[in-house]
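Colleague: Structure file protein02.tsv (TSV, C-alpha atoms and all ligand atoms) right here:
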chain	number	residue	atom	x	y	z
G	68	MET	CA	272.89	65.47	142.98
G	69	SER	CA	272.64	68.90	141.42
G	70	CYS	CA	269.59	70.95	140.68
G	71	GLN	CA	269.23	72.69	137.37
G	72	SER	CA	268.34	76.33	137.67
G	73	THR	CA	265.05	77.41	136.25
G	74	HIS	CA	264.21	80.76	134.76
G	75	PRO	CA	260.85	82.43	135.28
G	76	LEU	CA	258.64	82.39	132.20
G	77	PHE	CA	257.34	85.88	132.83
G	78	LYS	CA	259.13	89.06	133.80
G	79	PRO	CA	257.68	92.48	134.56
G	80	LEU	CA	258.06	94.98	131.74
G	81	THR	CA	260.77	97.52	132.40
G	82	GLY	CA	259.48	101.07	132.45
G	83	ALA	CA	255.90	99.86	132.75
G	84	GLU	CA	255.25	102.22	135.62
G	85	ALA	CA	255.69	105.40	133.53
G	86	LEU	CA	252.33	107.11	133.21
G	87	VAL	CA	250.92	108.56	130.00
G	88	ASP	CA	248.07	111.05	129.81
G	89	ILE	CA	245.07	110.12	127.69
G	90	TRP	CA	241.40	111.07	127.46
G	91	PHE	CA	238.64	108.57	128.21
G	92	ASN	CA	235.06	109.70	127.55
G	93	ASP	CA	236.28	113.31	127.57
G	94	GLU	CA	237.90	112.97	131.02
G	95	PRO	CA	241.70	113.27	131.44
G	96	LEU	CA	243.24	110.06	132.73
G	97	SER	CA	246.81	109.05	133.61
G	98	VAL	CA	247.42	105.40	132.81
G	99	PRO	CA	250.48	103.13	132.86
G	100	GLY	CA	252.28	103.12	129.51
G	101	GLU	CA	254.14	100.38	127.63
G	102	ARG	CA	251.03	98.20	127.39
G	103	SER	CA	247.80	97.85	125.47
G	104	VAL	CA	244.98	100.37	125.73
G	105	ALA	CA	242.87	97.67	127.42
G	106	ALA	CA	245.53	96.87	130.03
G	107	ALA	CA	246.14	100.57	130.67
G	108	LEU	CA	242.44	101.35	131.14
G	109	LEU	CA	241.94	98.33	133.41
G	110	ALA	CA	244.94	99.39	135.50
G	111	ALA	CA	243.35	102.84	135.85
G	112	GLY	CA	240.11	101.32	137.15
G	113	VAL	CA	237.96	101.49	134.00
G	114	SER	CA	235.50	98.58	133.98
G	115	ARG	CA	233.01	99.53	131.24
G	116	PHE	CA	234.53	99.51	127.75
G	117	ARG	CA	231.40	99.06	125.67
G	118	ALA	CA	227.71	98.20	125.82
G	119	THR	CA	225.98	95.54	123.77
G	120	PRO	CA	223.85	96.86	120.87
G	121	VAL	CA	220.59	95.15	121.91
G	122	SER	CA	220.41	95.06	125.71
G	123	GLY	CA	223.00	97.72	126.57
G	124	SER	CA	224.79	95.33	128.93
G	125	PRO	CA	228.24	96.58	129.98
G	126	ARG	CA	231.26	94.72	128.65
G	127	ALA	CA	234.97	94.71	129.50
G	128	PRO	CA	238.04	92.93	128.12
G	129	TYR	CA	237.99	89.17	128.54
G	130	CYS	CA	240.66	87.39	126.50
G	131	MET	CA	243.28	90.17	126.12
G	132	MET	CA	244.50	88.52	122.90
G	133	GLY	CA	242.21	89.70	120.12
G	134	ALA	CA	239.72	86.83	120.14
G	135	CYS	CA	236.58	87.88	122.06
G	136	PHE	CA	235.89	91.45	120.85
G	137	GLU	CA	234.61	92.45	124.29
G	138	CYS	CA	237.13	95.31	124.48
G	139	LEU	CA	235.89	97.39	121.52
G	140	VAL	CA	236.31	101.15	121.94
G	141	GLU	CA	236.66	104.19	119.73
G	142	ILE	CA	240.27	105.37	119.51
G	143	ASP	CA	241.12	108.72	117.91
G	144	GLY	CA	237.88	108.77	115.92
G	145	VAL	CA	238.05	105.17	114.69
G	146	PRO	CA	235.26	102.97	116.11
G	147	SER	CA	235.41	99.26	116.89
G	148	ARG	CA	239.11	99.07	117.76
G	149	GLN	CA	240.20	96.05	119.79
G	150	SER	CA	241.79	97.89	122.70
G	151	CYS	CA	243.75	94.81	123.77
G	152	MET	CA	245.61	94.90	120.43
G	153	VAL	CA	246.55	98.61	120.35
G	154	GLN	CA	249.43	100.09	122.36
G	155	VAL	CA	248.47	103.07	124.49
G	156	ARG	CA	250.03	106.42	123.53
G	157	ALA	CA	249.94	109.81	125.19
G	158	GLY	CA	247.16	112.04	123.92
G	159	MET	CA	244.87	109.27	122.69
G	160	ARG	CA	241.18	110.15	122.75
G	161	ILE	CA	239.26	107.04	123.68
G	162	TYR	CA	235.52	106.59	124.03
G	163	SER	CA	233.57	103.63	125.31
G	164	GLN	CA	231.50	102.13	122.54
G	165	GLU	CA	227.83	102.33	123.35
G	166	GLY	CA	225.77	100.06	121.14
G	167	ALA	CA	226.31	99.43	117.44
G	168	ARG	CA	228.58	101.64	115.39
G	169	ASP	CA	228.72	102.06	111.67
G	170	LEU	CA	232.04	101.04	110.23
G	171	PRO	CA	233.48	103.18	107.43
G	172	PRO	CA	233.30	101.57	103.99
G	173	LEU	CA	236.29	99.34	103.28
G	174	ASN	CA	237.28	101.45	100.29
G	175	ALA	CA	235.67	104.90	100.48
G	176	ASP	CA	237.38	106.09	97.26
G	177	ALA	CA	236.00	103.15	95.29
G	178	ALA	CA	232.50	103.83	96.64
G	179	GLU	CA	232.70	107.49	95.57
G	180	HIS	CA	233.84	106.58	92.06
G	181	HIS	CA	231.02	104.08	91.82
G	182	HIS	CA	228.45	106.80	92.60
G	183	ASP	CA	230.02	109.15	90.01
G	184	ARG	CA	229.16	106.77	87.19
G	201	LIG	S1	239.87	91.45	125.19
G	201	LIG	FE1	239.22	89.93	123.79
G	201	LIG	S2	239.52	90.87	121.85
G	201	LIG	FE2	240.29	92.33	123.26
For the structure just supplied, provide its representation as structure tokens.
Modeller:
Amino acid sequence: MSCQSTHPLFKPLTGAEALVDIWFNDEPLSVPGERSVAAALLAAGVSRFRATPVSGSPRAPYCMMGACFECLVEIDGVPSRQSCMVQVRAGMRIYSQEGARDLPPLNADAAEHHHDR
């Protein structure tokens, strides 16, 4: 009787140990690259990504696949980014998202033209 070989479903990412330098809440931070912002921040020990608008309760990534919205942060000036869906890059400026943020209008140019009339 022979056994069929099995292959592991998951393999570690090659090069995942290379560190990239980012900023988190105005503090320099070296995090593992080749992964999402959420995974990189978690690996660096960050546990507070945002606070809820009403009670201010701390929140951190939960699903890591874009479904729960618990990982919202500001990345390079853009609020409400799902950090689990964005790849980390050197030089990123990331801020935890404290409470509600105003989103930019979907089409700022159209809004300006509307006000010109
Ligand atoms: S961790 Fe759930 S959407 Fe990012």
Colleague: I want to know what sits within 9 Å of range 116-128 of chain G, based on all atoms listed in the file, with residues of the same chain fewer than 4 positions away left out; could you give that as number ranges by chain?
Modeller: G: 105-106, 108-109, 135-140, 150-151, 162-168
Colleague: Have a look at G:Val153, G:Val98, G:Val145, G:Leu86 and name the one nearest to ligand LIG 201 (chain G); count all atoms listed in the file.
Modeller: G:Val153
Colleague: Quick check, in Å to one decimal: how far apart do CA of Met159 in chain G and CA of Asp93 in chain G lie?
Modeller: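 A separation of 10.7 Å between them.
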Colleague: May I ask which of the residues G:Phe91, G:Ala107, G:Gln149, G:Leu96 is the closest one to ligand LIG 201 (chain G), counting all atoms listed in the file?
Modeller: G:Gln149
Colleague: Would you mind reading off the distance between CA of Ser97 in chain G and CA of Gly158 in chain G, one decimal, in Å?
Modeller: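 According to the coordinates, CA of Ser97 in chain G and CA of Gly158 in chain G are separated by 10.1 Å.
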Colleague: Could you check how far atom S2 of ligand LIG 201 (chain G) sits from CA of Ile89 in chain G, in Å to one decimal?
Modeller: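 Here the two named atoms are 20.9 Å from each other.
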Colleague: Edge lengths and centre, in Å to one decimal, as lines of an AutoDock Vina configuration file: that's what I need for the box along x, y and z that holds all listed atoms of ligand LIG 201 (chain G) plus 5 Å on each side.
Modeller:
center_x = 239.8
center_y = 91.1
center_z = 123.5
size_x = 11.1
size_y = 12.4
size_z = 13.3
Colleague: Which residue, G:Pro95, G:Gly133, G:Gly144, G:Gly100, has the smallest gap to ligand LIG 201 (chain G) when you use all atoms listed in the file?
Modeller: G:Gly133
Colleague: What would range 88-115 of chain G look like with N, CA and C atoms in place, written as a PDB file, in the coordinates of the input?
Modeller:
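Written output follows (selection-v4.pdb):
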ATOM      1  N   ASP G  88     249.351 110.354 129.676  1.00  0.00           N
ATOM      2  CA  ASP G  88     248.070 111.050 129.810  1.00  0.00           C
ATOM      3  C   ASP G  88     247.224 110.836 128.572  1.00  0.00           C
ATOM      4  N   ILE G  89     246.013 110.346 128.790  1.00  0.00           N
ATOM      5  CA  ILE G  89     245.070 110.120 127.690  1.00  0.00           C
ATOM      6  C   ILE G  89     243.739 110.764 128.077  1.00  0.00           C
ATOM      7  N   TRP G  90     242.767 110.636 127.180  1.00  0.00           N
ATOM      8  CA  TRP G  90     241.400 111.070 127.460  1.00  0.00           C
ATOM      9  C   TRP G  90     240.505 109.848 127.331  1.00  0.00           C
ATOM     10  N   PHE G  91     239.624 109.653 128.309  1.00  0.00           N
ATOM     11  CA  PHE G  91     238.640 108.570 128.210  1.00  0.00           C
ATOM     12  C   PHE G  91     237.261 109.179 128.472  1.00  0.00           C
ATOM     13  N   ASN G  92     236.400 109.096 127.474  1.00  0.00           N
ATOM     14  CA  ASN G  92     235.060 109.700 127.550  1.00  0.00           C
ATOM     15  C   ASN G  92     235.147 111.164 127.990  1.00  0.00           C
ATOM     16  N   ASP G  93     236.076 111.866 127.370  1.00  0.00           N
ATOM     17  CA  ASP G  93     236.280 113.310 127.570  1.00  0.00           C
ATOM     18  C   ASP G  93     236.821 113.687 128.950  1.00  0.00           C
ATOM     19  N   GLU G  94     237.282 112.694 129.716  1.00  0.00           N
ATOM     20  CA  GLU G  94     237.900 112.970 131.020  1.00  0.00           C
ATOM     21  C   GLU G  94     239.398 112.678 130.917  1.00  0.00           C
ATOM     22  N   PRO G  95     240.257 113.575 131.445  1.00  0.00           N
ATOM     23  CA  PRO G  95     241.700 113.270 131.440  1.00  0.00           C
ATOM     24  C   PRO G  95     241.994 112.111 132.373  1.00  0.00           C
ATOM     25  N   LEU G  96     242.941 111.263 131.957  1.00  0.00           N
ATOM     26  CA  LEU G  96     243.240 110.060 132.730  1.00  0.00           C
ATOM     27  C   LEU G  96     244.730 109.748 132.566  1.00  0.00           C
ATOM     28  N   SER G  97     245.413 109.503 133.672  1.00  0.00           N
ATOM     29  CA  SER G  97     246.810 109.050 133.610  1.00  0.00           C
ATOM     30  C   SER G  97     246.817 107.540 133.773  1.00  0.00           C
ATOM     31  N   VAL G  98     247.416 106.863 132.801  1.00  0.00           N
ATOM     32  CA  VAL G  98     247.420 105.400 132.810  1.00  0.00           C
ATOM     33  C   VAL G  98     248.855 104.904 132.638  1.00  0.00           C
ATOM     34  N   PRO G  99     249.145 103.686 133.084  1.00  0.00           N
ATOM     35  CA  PRO G  99     250.480 103.130 132.860  1.00  0.00           C
ATOM     36  C   PRO G  99     250.737 102.935 131.363  1.00  0.00           C
ATOM     37  N   GLY G 100     251.926 103.281 130.913  1.00  0.00           N
ATOM     38  CA  GLY G 100     252.280 103.120 129.510  1.00  0.00           C
ATOM     39  C   GLY G 100     252.909 101.757 129.240  1.00  0.00           C
ATOM     40  N   GLU G 101     253.438 101.616 128.018  1.00  0.00           N
ATOM     41  CA  GLU G 101     254.140 100.380 127.630  1.00  0.00           C
ATOM     42  C   GLU G 101     253.237  99.159 127.693  1.00  0.00           C
ATOM     43  N   ARG G 102     251.963  99.337 127.392  1.00  0.00           N
ATOM     44  CA  ARG G 102     251.030  98.200 127.390  1.00  0.00           C
ATOM     45  C   ARG G 102     249.852  98.547 126.490  1.00  0.00           C
ATOM     46  N   SER G 103     248.950  97.605 126.347  1.00  0.00           N
ATOM     47  CA  SER G 103     247.800  97.850 125.470  1.00  0.00           C
ATOM     48  C   SER G 103     246.859  98.882 126.092  1.00  0.00           C
ATOM     49  N   VAL G 104     246.013  99.447 125.246  1.00  0.00           N
ATOM     50  CA  VAL G 104     244.980 100.370 125.730  1.00  0.00           C
ATOM     51  C   VAL G 104     244.111  99.659 126.762  1.00  0.00           C
ATOM     52  N   ALA G 105     243.728  98.411 126.489  1.00  0.00           N
ATOM     53  CA  ALA G 105     242.870  97.670 127.420  1.00  0.00           C
ATOM     54  C   ALA G 105     243.555  97.497 128.773  1.00  0.00           C
ATOM     55  N   ALA G 106     244.811  97.074 128.771  1.00  0.00           N
ATOM     56  CA  ALA G 106     245.530  96.870 130.030  1.00  0.00           C
ATOM     57  C   ALA G 106     245.708  98.186 130.769  1.00  0.00           C
ATOM     58  N   ALA G 107     245.955  99.264 130.034  1.00  0.00           N
ATOM     59  CA  ALA G 107     246.140 100.570 130.670  1.00  0.00           C
ATOM     60  C   ALA G 107     244.845 101.052 131.312  1.00  0.00           C
ATOM     61  N   LEU G 108     243.719 100.901 130.588  1.00  0.00           N
ATOM     62  CA  LEU G 108     242.440 101.350 131.140  1.00  0.00           C
ATOM     63  C   LEU G 108     242.050 100.503 132.356  1.00  0.00           C
ATOM     64  N   LEU G 109     242.250  99.199 132.266  1.00  0.00           N
ATOM     65  CA  LEU G 109     241.940  98.330 133.410  1.00  0.00           C
ATOM     66  C   LEU G 109     242.774  98.723 134.628  1.00  0.00           C
ATOM     67  N   ALA G 110     244.051  99.008 134.397  1.00  0.00           N
ATOM     68  CA  ALA G 110     244.940  99.390 135.500  1.00  0.00           C
ATOM     69  C   ALA G 110     244.496 100.704 136.132  1.00  0.00           C
ATOM     70  N   ALA G 111     243.827 101.554 135.338  1.00  0.00           N
ATOM     71  CA  ALA G 111     243.350 102.840 135.850  1.00  0.00           C
ATOM     72  C   ALA G 111     241.959 102.729 136.464  1.00  0.00           C
ATOM     73  N   GLY G 112     241.392 101.532 136.475  1.00  0.00           N
ATOM     74  CA  GLY G 112     240.110 101.320 137.150  1.00  0.00           C
ATOM     75  C   GLY G 112     238.899 101.377 136.245  1.00  0.00           C
ATOM     76  N   VAL G 113     239.095 101.483 134.927  1.00  0.00           N
ATOM     77  CA  VAL G 113     237.960 101.490 134.000  1.00  0.00           C
ATOM     78  C   VAL G 113     237.407 100.076 133.884  1.00  0.00           C
ATOM     79  N   SER G 114     236.089  99.927 134.044  1.00  0.00           N
ATOM     80  CA  SER G 114     235.500  98.580 133.980  1.00  0.00           C
ATOM     81  C   SER G 114     234.411  98.467 132.915  1.00  0.00           C
ATOM     82  N   ARG G 115     234.024  99.576 132.305  1.00  0.00           N
ATOM     83  CA  ARG G 115     233.010  99.530 131.240  1.00  0.00           C
ATOM     84  C   ARG G 115     233.659 100.041 129.961  1.00  0.00           C
TER      85      ARG G 115
END
